[in-house]
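Coordinates as given in data.cif (mmCIF, C-alpha atoms):
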```
data_structure
#
loop_
_atom_site.label_atom_id
_atom_site.label_comp_id
_atom_site.auth_asym_id
_atom_site.auth_seq_id
_atom_site.Cartn_x
_atom_site.Cartn_y
_atom_site.Cartn_z
CA MET A 254 -33.51 17.38 41.50
CA GLN A 255 -32.79 14.82 38.78
CA ALA A 256 -31.97 11.32 40.02
CA LEU A 257 -28.46 10.04 39.29
CA ASP A 258 -29.72 7.21 37.10
CA GLU A 259 -31.48 9.78 34.91
CA LEU A 260 -28.40 11.99 34.80
CA ILE A 261 -26.13 9.22 33.57
CA ALA A 262 -28.61 8.19 30.88
CA HIS A 263 -27.39 11.14 28.80
CA VAL A 264 -23.71 10.30 29.16
CA PRO A 265 -22.15 8.46 26.18
CA THR A 266 -20.35 5.94 28.42
CA PHE A 267 -23.65 4.81 29.93
CA ALA A 268 -25.84 5.19 26.83
CA GLY A 269 -27.85 2.12 25.89
CA LEU A 270 -27.91 0.57 29.35
CA THR A 271 -31.26 -0.57 30.68
CA GLY A 272 -32.98 1.47 33.35
CA GLU A 273 -32.30 -1.30 35.85
CA GLN A 274 -28.59 -1.31 35.02
CA ARG A 275 -28.42 2.49 35.35
CA LYS A 276 -30.09 2.26 38.75
CA LEU A 277 -27.52 -0.31 39.89
CA ILE A 278 -24.67 1.98 38.78
CA ALA A 279 -26.26 5.11 40.21
CA GLY A 280 -26.66 3.30 43.53
CA CYS A 281 -22.87 3.43 43.88
CA GLY A 282 -22.62 7.15 43.04
CA GLN A 283 -22.98 10.46 44.81
CA ASN A 284 -22.71 14.09 43.77
CA GLU A 285 -19.61 15.97 44.86
CA HIS A 286 -18.19 19.44 44.31
CA VAL A 287 -14.46 19.84 43.73
CA ALA A 288 -12.79 23.21 44.18
CA ALA A 289 -10.48 24.57 41.49
CA GLY A 290 -6.95 23.31 42.02
CA SER A 291 -8.02 20.35 44.18
CA MET A 292 -6.94 16.81 43.38
CA LEU A 293 -9.55 14.19 42.59
CA PHE A 294 -6.88 11.52 43.01
CA SER A 295 -3.11 11.18 42.96
CA GLU A 296 -0.68 8.71 41.44
CA GLY A 297 -0.11 5.64 43.62
CA GLU A 298 -3.30 6.00 45.65
CA PRO A 299 -5.84 3.17 45.73
CA ALA A 300 -8.36 3.54 42.90
CA ASN A 301 -11.42 3.41 45.12
CA THR A 302 -13.49 5.90 43.19
CA PHE A 303 -14.04 6.95 39.62
CA TYR A 304 -15.74 10.10 38.43
CA LEU A 305 -18.18 11.43 35.89
CA VAL A 306 -17.66 15.14 35.24
CA ARG A 307 -20.94 17.08 35.26
CA ARG A 308 -19.46 20.57 35.08
CA GLY A 309 -15.93 21.95 34.85
CA LEU A 310 -12.60 20.80 33.51
CA VAL A 311 -10.26 18.17 34.97
CA ALA A 312 -6.64 17.59 33.94
CA LEU A 313 -4.77 14.29 34.05
CA GLU A 314 -1.15 14.95 34.97
CA VAL A 315 2.13 13.24 35.72
CA HIS A 316 4.52 14.87 38.12
CA ALA A 317 8.08 14.97 36.80
CA PRO A 318 10.87 15.95 39.18
CA GLY A 319 12.26 19.34 38.22
CA ARG A 320 9.54 19.87 35.61
CA GLY A 321 6.43 20.00 37.74
CA PRO A 322 3.09 18.61 36.61
CA LEU A 323 3.01 17.52 32.95
CA ARG A 324 -0.51 17.76 31.62
CA ILE A 325 -1.49 14.73 29.54
CA GLU A 326 -5.13 15.31 28.82
CA THR A 327 -8.19 17.21 29.96
CA LEU A 328 -11.71 15.95 30.45
CA GLU A 329 -14.95 17.90 30.56
CA ALA A 330 -18.64 17.52 31.29
CA GLY A 331 -20.04 14.18 30.15
CA GLU A 332 -16.71 12.38 30.31
CA VAL A 333 -15.63 9.66 32.73
CA ILE A 334 -12.35 9.84 34.61
CA GLY A 335 -10.51 6.70 35.59
CA TRP A 336 -10.34 3.06 34.63
CA SER A 337 -7.70 1.85 37.12
CA TRP A 338 -10.60 0.95 39.45
CA LEU A 339 -11.51 -1.84 37.00
CA PHE A 340 -8.19 -3.67 36.99
CA GLU A 341 -5.95 -5.00 39.74
CA PRO A 342 -4.03 -3.70 41.62
CA TYR A 343 -6.66 -0.89 41.58
CA ARG A 344 -4.11 1.91 41.87
CA TRP A 345 -4.09 5.31 40.13
CA GLN A 346 -1.31 5.81 37.58
CA LEU A 347 -1.86 9.57 37.17
CA ASP A 348 -2.94 12.65 39.08
CA ALA A 349 -6.34 14.21 38.38
CA ARG A 350 -6.66 17.92 39.16
CA ALA A 351 -9.70 20.18 38.86
CA LEU A 352 -8.70 23.16 36.71
CA GLU A 353 -11.89 25.00 37.59
CA PRO A 354 -14.74 24.43 40.04
CA CYS A 355 -16.20 21.05 39.13
CA ASP A 356 -19.36 19.13 39.85
CA VAL A 357 -18.83 15.39 39.56
CA ILE A 358 -20.55 12.14 40.34
CA ALA A 359 -18.16 10.02 42.40
CA PHE A 360 -18.73 6.29 42.04
CA ASP A 361 -17.66 3.86 44.76
CA ALA A 362 -15.50 1.40 42.83
CA ALA A 363 -15.72 -1.47 45.33
CA CYS A 364 -19.51 -1.13 45.36
CA LEU A 365 -19.70 -1.32 41.58
CA ARG A 366 -17.17 -4.15 41.29
CA GLY A 367 -19.31 -6.10 43.77
CA LYS A 368 -22.44 -5.54 41.69
CA THR A 369 -20.70 -6.63 38.50
CA GLU A 370 -19.55 -9.83 40.21
CA GLU A 371 -23.19 -10.57 40.99
CA ASP A 372 -24.50 -9.43 37.62
CA HIS A 373 -22.17 -10.48 34.81
CA GLU A 374 -24.36 -8.87 32.15
CA LEU A 375 -23.88 -5.53 33.89
CA GLY A 376 -20.17 -6.32 34.14
CA TYR A 377 -19.98 -7.08 30.42
CA GLN A 378 -21.85 -3.92 29.48
CA LEU A 379 -19.62 -1.77 31.67
CA MET A 380 -16.43 -3.48 30.50
CA ALA A 381 -17.43 -3.03 26.84
CA ARG A 382 -18.05 0.68 27.40
CA PHE A 383 -14.87 1.28 29.32
CA ALA A 384 -12.90 -0.73 26.73
CA ALA A 385 -14.26 1.52 23.98
CA ASN A 386 -13.29 4.52 26.08
CA LEU A 387 -9.81 3.03 26.52
CA VAL A 388 -9.41 2.48 22.78
CA ASP A 389 -10.47 6.06 22.00
CA ARG A 390 -8.04 7.47 24.52
CA LEU A 391 -5.22 5.14 23.42
CA GLN A 392 -5.68 6.19 19.79
CA ALA A 393 -5.69 9.84 20.81
CA THR A 394 -2.51 9.33 22.84
CA ARG A 395 -0.80 7.66 19.86
CA PHE A 396 -1.80 10.65 17.72
CA GLN A 397 -0.46 12.97 20.43
CA LEU A 398 2.86 11.11 20.49
CA LEU A 399 3.30 11.71 16.74
CA ASP A 400 3.85 15.40 17.50
CA VAL A 401 2.43 16.23 14.08
CA TYR A 402 2.81 19.97 14.55
CA GLY A 403 6.52 19.66 15.25
CA ASN A 404 9.32 20.73 12.95
CA THR A 405 8.78 17.85 10.55
CA GLU A 406 5.54 19.45 9.43
CA VAL A 407 5.38 20.52 5.79
CA PRO A 408 4.91 24.28 5.80
CA ALA A 409 1.56 25.60 4.68
CA MET B 26 10.46 50.09 -9.52
CA ALA B 27 9.63 52.95 -11.85
CA THR B 28 10.58 50.71 -14.76
CA LEU B 29 8.26 47.96 -13.60
CA LYS B 30 5.36 50.34 -13.17
CA SER B 31 5.80 51.74 -16.66
CA GLN B 32 5.50 48.34 -18.30
CA PRO B 33 2.12 47.07 -19.48
CA GLU B 34 0.44 44.96 -16.83
CA SER B 35 0.03 42.02 -19.22
CA GLU B 36 3.79 41.72 -19.53
CA LEU B 37 4.20 41.51 -15.81
CA LEU B 38 1.46 39.09 -14.98
CA GLY B 39 2.38 35.90 -16.78
CA PRO B 40 1.91 33.06 -14.34
CA MET B 41 5.61 32.19 -14.31
CA VAL B 42 6.79 35.76 -13.76
CA PRO B 43 7.05 36.88 -10.15
CA GLU B 44 5.41 40.20 -9.45
CA PRO B 45 7.13 42.53 -7.00
CA PHE B 46 5.26 43.09 -3.75
CA VAL B 47 6.38 45.41 -0.98
CA LEU B 48 6.32 44.11 2.56
CA ARG B 49 4.17 46.67 4.34
CA SER B 50 4.15 45.13 7.80
CA LYS B 51 4.82 41.89 9.64
CA ARG B 52 3.48 40.43 12.85
CA GLN B 53 5.04 37.61 14.83
CA GLU B 54 2.42 34.94 15.55
CA THR B 55 4.61 32.40 17.34
CA GLU B 56 8.29 31.72 17.91
CA ASP B 57 8.81 30.76 14.25
CA THR B 58 5.71 31.97 12.43
CA TRP B 59 5.00 35.41 10.98
CA THR B 60 2.09 37.03 9.23
CA LEU B 61 3.19 39.34 6.41
CA GLU B 62 1.08 42.06 4.81
CA LEU B 63 2.21 42.90 1.29
CA VAL B 64 1.05 45.35 -1.34
CA SER B 65 1.71 45.18 -5.05
CA ALA B 66 4.50 47.39 -6.30
CA ALA B 67 3.44 47.04 -9.91
CA ARG B 68 -0.31 47.29 -9.94
CA GLU B 69 -2.67 50.01 -8.89
CA ARG B 70 -5.05 47.41 -7.58
CA GLY B 71 -4.01 44.72 -5.19
CA ILE B 72 -4.72 41.08 -5.51
CA ALA B 73 -8.08 39.34 -5.62
CA PHE B 74 -8.20 35.79 -4.35
CA ALA B 75 -10.61 33.14 -3.16
CA PRO B 76 -10.32 31.48 0.28
CA GLY B 77 -7.98 28.51 0.06
CA GLN B 78 -5.80 29.76 -2.80
CA PHE B 79 -2.04 30.01 -2.49
CA THR B 80 0.81 31.98 -3.99
CA MET B 81 4.40 31.13 -4.84
CA ILE B 82 6.54 33.51 -2.83
CA GLU B 83 10.26 34.21 -2.64
CA ALA B 84 12.54 36.63 -0.86
CA GLY B 85 16.14 37.47 -1.53
CA GLY B 86 16.70 34.73 -4.10
CA ALA B 87 16.51 32.03 -1.43
CA GLY B 88 13.99 29.98 -3.40
CA GLU B 89 10.30 29.96 -4.05
CA VAL B 90 7.73 28.24 -1.82
CA PRO B 91 3.96 27.74 -1.97
CA ILE B 92 2.18 29.57 0.83
CA SER B 93 -1.56 29.73 1.39
CA ILE B 94 -3.13 33.17 1.57
CA SER B 95 -4.35 33.87 5.10
CA GLY B 96 -5.97 37.26 4.57
CA ASP B 97 -9.50 38.54 4.32
CA PRO B 98 -10.84 37.81 0.81
CA SER B 99 -12.87 41.03 0.89
CA ASP B 100 -9.63 43.02 1.14
CA THR B 101 -8.16 43.04 -2.36
CA GLU B 102 -5.60 45.73 -1.55
CA THR B 103 -3.50 43.60 0.74
CA LEU B 104 -1.92 40.20 0.29
CA THR B 105 -1.67 38.52 3.69
CA GLN B 106 0.43 35.40 4.12
CA THR B 107 1.27 33.49 7.29
CA ILE B 108 4.57 31.65 7.07
CA ARG B 109 6.44 29.30 9.34
CA ALA B 110 10.24 29.43 9.08
CA VAL B 111 11.26 25.81 8.56
CA GLY B 112 13.90 26.10 5.83
CA LEU B 113 16.06 28.56 3.91
CA ALA B 114 13.32 29.94 1.69
CA THR B 115 10.71 30.34 4.43
CA ALA B 116 13.31 31.77 6.83
CA ALA B 117 14.27 34.39 4.22
CA ILE B 118 10.61 35.35 3.82
CA CYS B 119 10.07 35.56 7.57
CA ASN B 120 13.23 37.63 7.97
CA ALA B 121 12.16 40.17 5.34
CA GLN B 122 11.81 43.70 6.66
CA PRO B 123 9.10 46.29 5.95
CA GLY B 124 9.85 48.03 2.67
CA GLN B 125 11.61 44.99 1.19
CA LEU B 126 10.46 43.61 -2.15
CA LEU B 127 9.30 40.01 -2.37
CA GLY B 128 8.41 38.07 -5.51
CA ILE B 129 4.88 36.75 -5.76
CA ARG B 130 3.24 34.52 -8.35
CA GLY B 131 -0.41 33.65 -8.23
CA PRO B 132 -2.88 33.31 -6.66
CA PHE B 133 -3.17 29.70 -7.79
CA GLY B 134 -5.46 26.77 -7.22
CA ASN B 135 -9.09 26.32 -6.33
CA SER B 136 -10.87 27.38 -3.18
CA TRP B 137 -12.91 26.34 -0.15
CA PRO B 138 -16.54 26.03 -1.34
CA VAL B 139 -17.92 28.59 1.10
CA GLN B 140 -20.84 29.61 -1.11
CA ARG B 141 -21.84 26.00 -1.71
CA LEU B 142 -22.12 25.55 2.06
CA GLU B 143 -24.83 28.19 2.46
CA GLY B 144 -27.74 26.88 4.49
CA LEU B 145 -25.61 24.28 6.23
CA ASP B 146 -23.92 23.97 9.59
CA VAL B 147 -20.16 24.12 9.08
CA VAL B 148 -17.36 22.67 11.18
CA VAL B 149 -13.83 23.93 10.52
CA ALA B 150 -11.09 21.66 11.91
CA ALA B 151 -7.58 23.12 11.91
CA GLY B 152 -4.28 21.76 13.12
CA GLY B 153 -1.17 23.87 13.73
CA ILE B 154 -0.41 26.27 10.92
CA GLY B 155 -3.35 24.74 9.03
CA LEU B 156 -5.46 27.48 10.57
CA ALA B 157 -3.79 29.98 8.22
CA PRO B 158 -5.29 28.62 4.96
CA LEU B 159 -8.66 28.33 6.72
CA ARG B 160 -8.67 31.91 8.02
CA PRO B 161 -9.98 33.38 4.71
CA ALA B 162 -12.80 30.81 4.74
CA ILE B 163 -13.63 31.64 8.36
CA LEU B 164 -13.76 35.35 7.52
CA ALA B 165 -15.90 34.67 4.45
CA LEU B 166 -18.34 32.59 6.51
CA LEU B 167 -18.53 35.35 9.13
CA ALA B 168 -19.02 38.03 6.49
CA ASN B 169 -22.31 36.32 5.62
CA ARG B 170 -23.04 34.83 9.01
CA GLU B 171 -26.81 34.79 8.47
CA ARG B 172 -26.49 32.43 5.49
CA TYR B 173 -25.14 29.56 7.58
CA GLY B 174 -26.37 27.49 10.49
CA ARG B 175 -24.01 26.64 13.33
CA LEU B 176 -20.37 27.55 12.72
CA VAL B 177 -17.90 25.50 14.76
CA LEU B 178 -14.13 25.86 14.84
CA LEU B 179 -12.01 23.04 16.28
CA TYR B 180 -8.39 24.13 16.58
CA GLY B 181 -5.47 22.07 17.84
CA ALA B 182 -1.92 23.30 18.26
CA ARG B 183 1.27 21.86 19.66
CA THR B 184 1.44 24.19 22.68
CA PRO B 185 -0.43 27.31 23.82
CA GLY B 186 2.47 29.44 22.58
CA GLN B 187 2.15 27.98 19.09
CA MET B 188 -1.49 28.87 18.57
CA LEU B 189 -2.13 31.28 15.71
CA PHE B 190 -4.45 34.30 15.65
CA VAL B 191 -5.15 34.01 19.39
CA GLU B 192 -6.88 37.39 19.72
CA GLU B 193 -8.95 36.73 16.63
CA LEU B 194 -10.23 33.45 18.09
CA HIS B 195 -12.10 35.53 20.68
CA GLU B 196 -13.38 37.87 17.99
CA TRP B 197 -14.61 34.97 15.86
CA HIS B 198 -16.39 33.58 18.91
CA ASN B 199 -18.08 36.92 19.50
CA ARG B 200 -19.19 37.05 15.85
CA GLY B 201 -20.87 33.67 15.93
CA PHE B 202 -18.33 30.88 15.74
CA GLU B 203 -18.32 28.22 18.45
CA VAL B 204 -14.58 28.00 19.10
CA HIS B 205 -13.03 24.90 20.70
CA THR B 206 -9.28 24.79 21.20
CA THR B 207 -6.83 22.25 22.49
CA VAL B 208 -3.07 21.77 22.64
CA ASP B 209 -0.96 18.62 22.56
CA SER B 210 1.02 19.64 25.61
CA ALA B 211 0.98 22.48 28.10
CA GLY B 212 2.36 23.61 31.40
CA PRO B 213 0.35 24.24 34.55
CA GLU B 214 -0.40 27.84 33.56
CA TRP B 215 -2.67 26.68 30.71
CA LEU B 216 -6.27 26.28 31.83
CA GLY B 217 -7.70 25.07 28.54
CA HIS B 218 -7.95 21.65 26.95
CA VAL B 219 -4.99 19.32 26.48
CA GLY B 220 -5.29 16.51 23.94
CA VAL B 221 -5.40 16.06 20.20
CA VAL B 222 -7.81 17.97 17.99
CA THR B 223 -9.87 14.88 17.20
CA ARG B 224 -10.86 14.74 20.89
CA LEU B 225 -12.76 17.98 20.32
CA ILE B 226 -15.00 16.39 17.71
CA GLY B 227 -17.00 14.35 20.20
CA ARG B 228 -17.46 17.39 22.43
CA ALA B 229 -18.86 19.74 19.79
CA ASP B 230 -22.32 18.18 19.37
CA LEU B 231 -21.92 17.60 15.62
CA ASP B 232 -24.21 15.63 13.34
CA SER B 233 -24.66 14.68 9.71
CA GLY B 234 -26.18 18.09 8.95
CA PHE B 235 -22.71 19.59 9.06
CA ALA B 236 -20.24 20.11 6.26
CA GLY B 237 -16.56 20.13 7.20
CA LEU B 238 -13.41 21.98 6.16
CA THR B 239 -10.11 20.70 7.49
CA CYS B 240 -6.49 21.67 7.08
CA GLY B 241 -3.31 20.69 8.89
CA PRO B 242 -0.60 18.06 8.69
CA GLU B 243 -1.78 15.21 6.48
CA ILE B 244 -1.93 12.71 9.35
CA MET B 245 -4.10 15.11 11.30
CA MET B 246 -6.47 15.55 8.34
CA ARG B 247 -6.76 11.77 7.81
CA LEU B 248 -7.54 11.13 11.47
CA THR B 249 -9.92 14.09 11.57
CA ALA B 250 -11.74 12.76 8.50
CA LEU B 251 -12.12 9.36 10.19
CA ALA B 252 -13.43 10.95 13.37
CA LEU B 253 -15.85 13.26 11.52
CA ALA B 254 -17.17 10.26 9.57
CA ASP B 255 -18.40 8.84 12.89
CA PHE B 256 -20.80 11.78 12.97
CA GLY B 257 -21.85 11.42 9.33
CA ILE B 258 -19.62 14.24 8.06
CA GLU B 259 -17.83 12.64 5.13
CA GLY B 260 -17.71 12.15 1.37
CA GLU B 261 -18.70 15.21 -0.58
CA ARG B 262 -19.52 17.13 2.61
CA LEU B 263 -15.95 17.14 3.87
CA TYR B 264 -13.19 19.20 2.25
CA VAL B 265 -9.45 19.03 2.84
CA SER B 266 -6.57 21.20 1.68
CA THR B 267 -3.77 19.11 0.21
CA GLU B 268 -0.13 19.85 -0.37
CA ARG B 269 2.69 18.23 -2.27
CA ASN B 270 5.77 19.61 -3.96
CA MET B 271 4.13 22.54 -5.72
CA GLN B 272 6.51 24.38 -8.02
CA CYS B 273 5.00 25.91 -11.15
CA GLY B 274 1.54 26.58 -9.70
CA ILE B 275 -0.21 26.10 -13.04
CA GLY B 276 -0.19 22.34 -13.58
CA HIS B 277 2.68 22.24 -16.06
CA CYS B 278 5.67 20.81 -14.24
CA GLY B 279 4.01 17.80 -12.62
CA HIS B 280 5.93 17.94 -9.34
CA CYS B 281 2.75 18.05 -7.28
CA GLN B 282 1.04 15.14 -9.00
CA LEU B 283 -1.00 12.86 -6.76
CA GLY B 284 -2.56 10.08 -8.78
CA PRO B 285 -4.60 11.72 -11.54
CA TRP B 286 -4.47 15.13 -9.90
CA LEU B 287 -2.09 18.05 -10.17
CA LEU B 288 -2.65 19.57 -6.78
CA CYS B 289 -1.57 23.10 -7.67
CA ARG B 290 -4.12 23.27 -10.47
CA ASP B 291 -6.89 20.80 -9.51
CA GLY B 292 -6.51 21.53 -5.78
CA PRO B 293 -5.39 22.32 -3.22
CA VAL B 294 -8.95 21.84 -1.96
CA PHE B 295 -10.63 18.51 -2.62
CA ASP B 296 -13.68 16.85 -1.23
CA TRP B 297 -12.79 13.83 0.84
CA GLN B 298 -14.60 11.40 -1.45
CA THR B 299 -12.41 12.44 -4.36
CA ILE B 300 -9.03 12.51 -2.65
CA ALA B 301 -9.21 10.03 0.25
CA HIS B 302 -8.04 7.06 -1.79
CA TRP B 303 -4.98 8.93 -3.05
CA LEU B 304 -4.03 10.30 0.34
CA GLN B 305 -4.20 6.83 1.81
CA LEU B 306 -2.18 5.20 -0.96
CA ARG B 307 1.34 4.77 0.40
CA GLU B 308 3.03 4.26 -2.95
CA VAL B 309 2.32 7.76 -4.28
#
```
What would you get if you wrote out this structure as structure tokens?
Amino acid sequence: MQALDELIAHVPTFAGLTGEQRKLIAGCGQNEHVAAGSMLFSEGEPANTFYLVRRGLVALEVHAPGRGPLRIETLEAGEVIGWSWLFEPYRWQLDARALEPCDVIAFDAACLRGKTEEDHELGYQLMARFAANLVDRLQATRFQLLDVYGNTEVPA
Amino acid sequence: MATLKSQPESELLGPMVPEPFVLRSKRQETEDTWTLELVSAARERGIAFAPGQFTMIEAGGAGEVPISISGDPSDTETLTQTIRAVGLATAAICNAQPGQLLGIRGPFGNSWPVQRLEGLDVVVAAGGIGLAPLRPAILALLANRERYGRLVLLYGARTPGQMLFVEELHEWHNRGFEVHTTVDSAGPEWLGHVGVVTRLIGRADLDSGFAGLTCGPEIMMRLTALALADFGIEGERLYVSTERNMQCGIGHCGHCQLGPWLLCRDGPVFDWQTIAHWLQLREV
């Protein structure tokens, strides 16, 4: 079985880290299986864990009264779920639901925050990668908000 | 109709003279979008076109609009057009009934460079109804599947119910296209991707060996071009289909001018290197 530090070496978010840094991160992770329909986390809960999807599809949702779950985005293999674990008050803002059977690596957020406090270079590298991830997702959300396929579209 | 058929073809086919086509059948794609199959009422033969070309089409005197051809370029008997009802003219076309005559001019414009892409991997990125002008290119690529490397389709729509050619997406996949779809929003019954079409680019394992074809709302094409450039797919290897206020279709009236280009004549397909500056210039 492939070690976790080797598995994450192929994930864009962790690309370019040293072997030592990957080992430190992998030391806070463990493999988990999530059944289809199960929640990885729910809005308002403490953000104690974040996830790397290895297989399957996960949806980020907001529950709206009377409208049910509104799906914001989906994430697939190779993508990281969650950044609320990085910033106080460490609380999830969305729900994360497995749309199909998923294999994930679950990372203990407190463990990793502790390691980054001790190793600021690791902290910088992680923060830079998650910031890039945040920017990508923010840009995509702005694009999504434009509703470019709505009725203002020029007909083809 | 008998009168029209008895006239010499050359008199009927001037580029400014609409030719009568009979609506043979129509299929509802989404709540407001229909695919129409038309056959010429005046010519024995149908209509030859290249992928990416458009016609000027009108129904019931409600006005003429430019619509890309969405049919199979190997089928010259049938003119297939996919139209979204967003105004009077397009609503009149969508409301036409089988047997009704519609006026067609064209086909006009240039085409997707499908033959020039032979030997390459090709990514097709479509947004919303932008899949319709790309469908002839997709069918042309599949007709000569062995001449291309990887074929990848990235398709984004507003909702699952607004996706075009849903059954064909499966067929294209079975014939050798890697098909990735996403929608901007969806209810809990949708088990596919949610998010904008550019999010699919990073998931498709693309590289600089690809050439790209993209069509959709202009904002979508600009953002797609930026995202594809991150993977080295840019410049003369990326093609977009442009649209402005096309009216005459033959480069005479000037309504569709964009910088030095008359899009109906010089386009609608341009390589990104040629047209990017003009699409990003806010004053034109």
What does the PyMOL selection byres ((chain A) within 12 of (chain B)) select in this file, as a ChimeraX atom specification?
-> /A:264-265,289-290,309-317,320-332,350-354,386,389-409
Generate a file of the selected residues that holds C-alpha atoms, formatted as a PDB file, in the coordinates of the input.
```pdb
ATOM      1  CA  VAL A 264     -23.710  10.300  29.160  1.00  0.00           C
ATOM      2  CA  PRO A 265     -22.150   8.460  26.180  1.00  0.00           C
ATOM      3  CA  ALA A 289     -10.480  24.570  41.490  1.00  0.00           C
ATOM      4  CA  GLY A 290      -6.950  23.310  42.020  1.00  0.00           C
ATOM      5  CA  GLY A 309     -15.930  21.950  34.850  1.00  0.00           C
ATOM      6  CA  LEU A 310     -12.600  20.800  33.510  1.00  0.00           C
ATOM      7  CA  VAL A 311     -10.260  18.170  34.970  1.00  0.00           C
ATOM      8  CA  ALA A 312      -6.640  17.590  33.940  1.00  0.00           C
ATOM      9  CA  LEU A 313      -4.770  14.290  34.050  1.00  0.00           C
ATOM     10  CA  GLU A 314      -1.150  14.950  34.970  1.00  0.00           C
ATOM     11  CA  VAL A 315       2.130  13.240  35.720  1.00  0.00           C
ATOM     12  CA  HIS A 316       4.520  14.870  38.120  1.00  0.00           C
ATOM     13  CA  ALA A 317       8.080  14.970  36.800  1.00  0.00           C
ATOM     14  CA  ARG A 320       9.540  19.870  35.610  1.00  0.00           C
ATOM     15  CA  GLY A 321       6.430  20.000  37.740  1.00  0.00           C
ATOM     16  CA  PRO A 322       3.090  18.610  36.610  1.00  0.00           C
ATOM     17  CA  LEU A 323       3.010  17.520  32.950  1.00  0.00           C
ATOM     18  CA  ARG A 324      -0.510  17.760  31.620  1.00  0.00           C
ATOM     19  CA  ILE A 325      -1.490  14.730  29.540  1.00  0.00           C
ATOM     20  CA  GLU A 326      -5.130  15.310  28.820  1.00  0.00           C
ATOM     21  CA  THR A 327      -8.190  17.210  29.960  1.00  0.00           C
ATOM     22  CA  LEU A 328     -11.710  15.950  30.450  1.00  0.00           C
ATOM     23  CA  GLU A 329     -14.950  17.900  30.560  1.00  0.00           C
ATOM     24  CA  ALA A 330     -18.640  17.520  31.290  1.00  0.00           C
ATOM     25  CA  GLY A 331     -20.040  14.180  30.150  1.00  0.00           C
ATOM     26  CA  GLU A 332     -16.710  12.380  30.310  1.00  0.00           C
ATOM     27  CA  ARG A 350      -6.660  17.920  39.160  1.00  0.00           C
ATOM     28  CA  ALA A 351      -9.700  20.180  38.860  1.00  0.00           C
ATOM     29  CA  LEU A 352      -8.700  23.160  36.710  1.00  0.00           C
ATOM     30  CA  GLU A 353     -11.890  25.000  37.590  1.00  0.00           C
ATOM     31  CA  PRO A 354     -14.740  24.430  40.040  1.00  0.00           C
ATOM     32  CA  ASN A 386     -13.290   4.520  26.080  1.00  0.00           C
ATOM     33  CA  ASP A 389     -10.470   6.060  22.000  1.00  0.00           C
ATOM     34  CA  ARG A 390      -8.040   7.470  24.520  1.00  0.00           C
ATOM     35  CA  LEU A 391      -5.220   5.140  23.420  1.00  0.00           C
ATOM     36  CA  GLN A 392      -5.680   6.190  19.790  1.00  0.00           C
ATOM     37  CA  ALA A 393      -5.690   9.840  20.810  1.00  0.00           C
ATOM     38  CA  THR A 394      -2.510   9.330  22.840  1.00  0.00           C
ATOM     39  CA  ARG A 395      -0.800   7.660  19.860  1.00  0.00           C
ATOM     40  CA  PHE A 396      -1.800  10.650  17.720  1.00  0.00           C
ATOM     41  CA  GLN A 397      -0.460  12.970  20.430  1.00  0.00           C
ATOM     42  CA  LEU A 398       2.860  11.110  20.490  1.00  0.00           C
ATOM     43  CA  LEU A 399       3.300  11.710  16.740  1.00  0.00           C
ATOM     44  CA  ASP A 400       3.850  15.400  17.500  1.00  0.00           C
ATOM     45  CA  VAL A 401       2.430  16.230  14.080  1.00  0.00           C
ATOM     46  CA  TYR A 402       2.810  19.970  14.550  1.00  0.00           C
ATOM     47  CA  GLY A 403       6.520  19.660  15.250  1.00  0.00           C
ATOM     48  CA  ASN A 404       9.320  20.730  12.950  1.00  0.00           C
ATOM     49  CA  THR A 405       8.780  17.850  10.550  1.00  0.00           C
ATOM     50  CA  GLU A 406       5.540  19.450   9.430  1.00  0.00           C
ATOM     51  CA  VAL A 407       5.380  20.520   5.790  1.00  0.00           C
ATOM     52  CA  PRO A 408       4.910  24.280   5.800  1.00  0.00           C
ATOM     53  CA  ALA A 409       1.560  25.600   4.680  1.00  0.00           C
TER      54      ALA A 409
END
```
Taking into account all atoms listed in the file, which residue in the set A:Glu371, A:Asp348, A:Asp361, A:Glu285 is nearest to Arg307 of chain A?
->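 The closest residue to Arg307 of chain A is A:Glu285.
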Evaluate the PyMOL selection byres ((chain B and resi 66-73) around 6) and report residues as a list in words =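 With the PyMOL selection byres ((chain B and resi 66-73) around 6) on this model, the match is Lys30, Pro45, Phe46, Val47, Ser65, Phe74, Thr101 and Glu102 of chain B.
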So what does the PyMOL selection byres ((chain A and resi 360) around 8) actually pick up in this one, as a list in words?
-> Ala279, Cys281, Gly282, Gln283, Thr302, Phe303, Tyr304, Ile358, Ala359, Asp361, Ala362 and Leu365 of chain A
Atom pair atom CA of Leu61 of chain B / atom CA of Trp197 of chain B: separation (Å) =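 Interatomic distance here is 20.6 Å.
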Padding 4 Å on every side, please: axis-aligned box over the listed atoms of segment 268-272 of chain A, centre and edge lengths to one decimal in Å, as JSON.
```
{"center_x": -29.4, "center_y": 2.3, "center_z": 29.6, "size_x": 15.1, "size_y": 13.8, "size_z": 15.5}
```
Nearest to Arg344 of chain A among A:Ala300, A:Leu379, A:Leu293, A:Ala363, with distances taken over all atoms listed in the file: which residue is it?
->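 Of A:Ala300, A:Leu379, A:Leu293, A:Ala363, the one nearest Arg344 of chain A is A:Ala300, counting all atoms listed in the file.
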Non-local contacts of Leu63 of chain B (7 Å; all atoms listed in the file; under 4 positions in same chain excluded) as a list in words = Phe46, Val47, Leu48, Arg49, Thr103, Leu104 and Thr105 of chain B
Work out how far atom CA of Ser95 of chain B is from atom CA of Gly77 of chain B, in Å to one decimal.
->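 Spanning atom CA of Gly77 of chain B to atom CA of Ser95 of chain B is a straight-line distance of 8.2 Å.
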Shell of 12 Å around Gln255 of chain A, all atoms listed in the file, local chain residues under 6 positions omitted, as a VMD selection string = chain A and resid 261 to 263 279 284
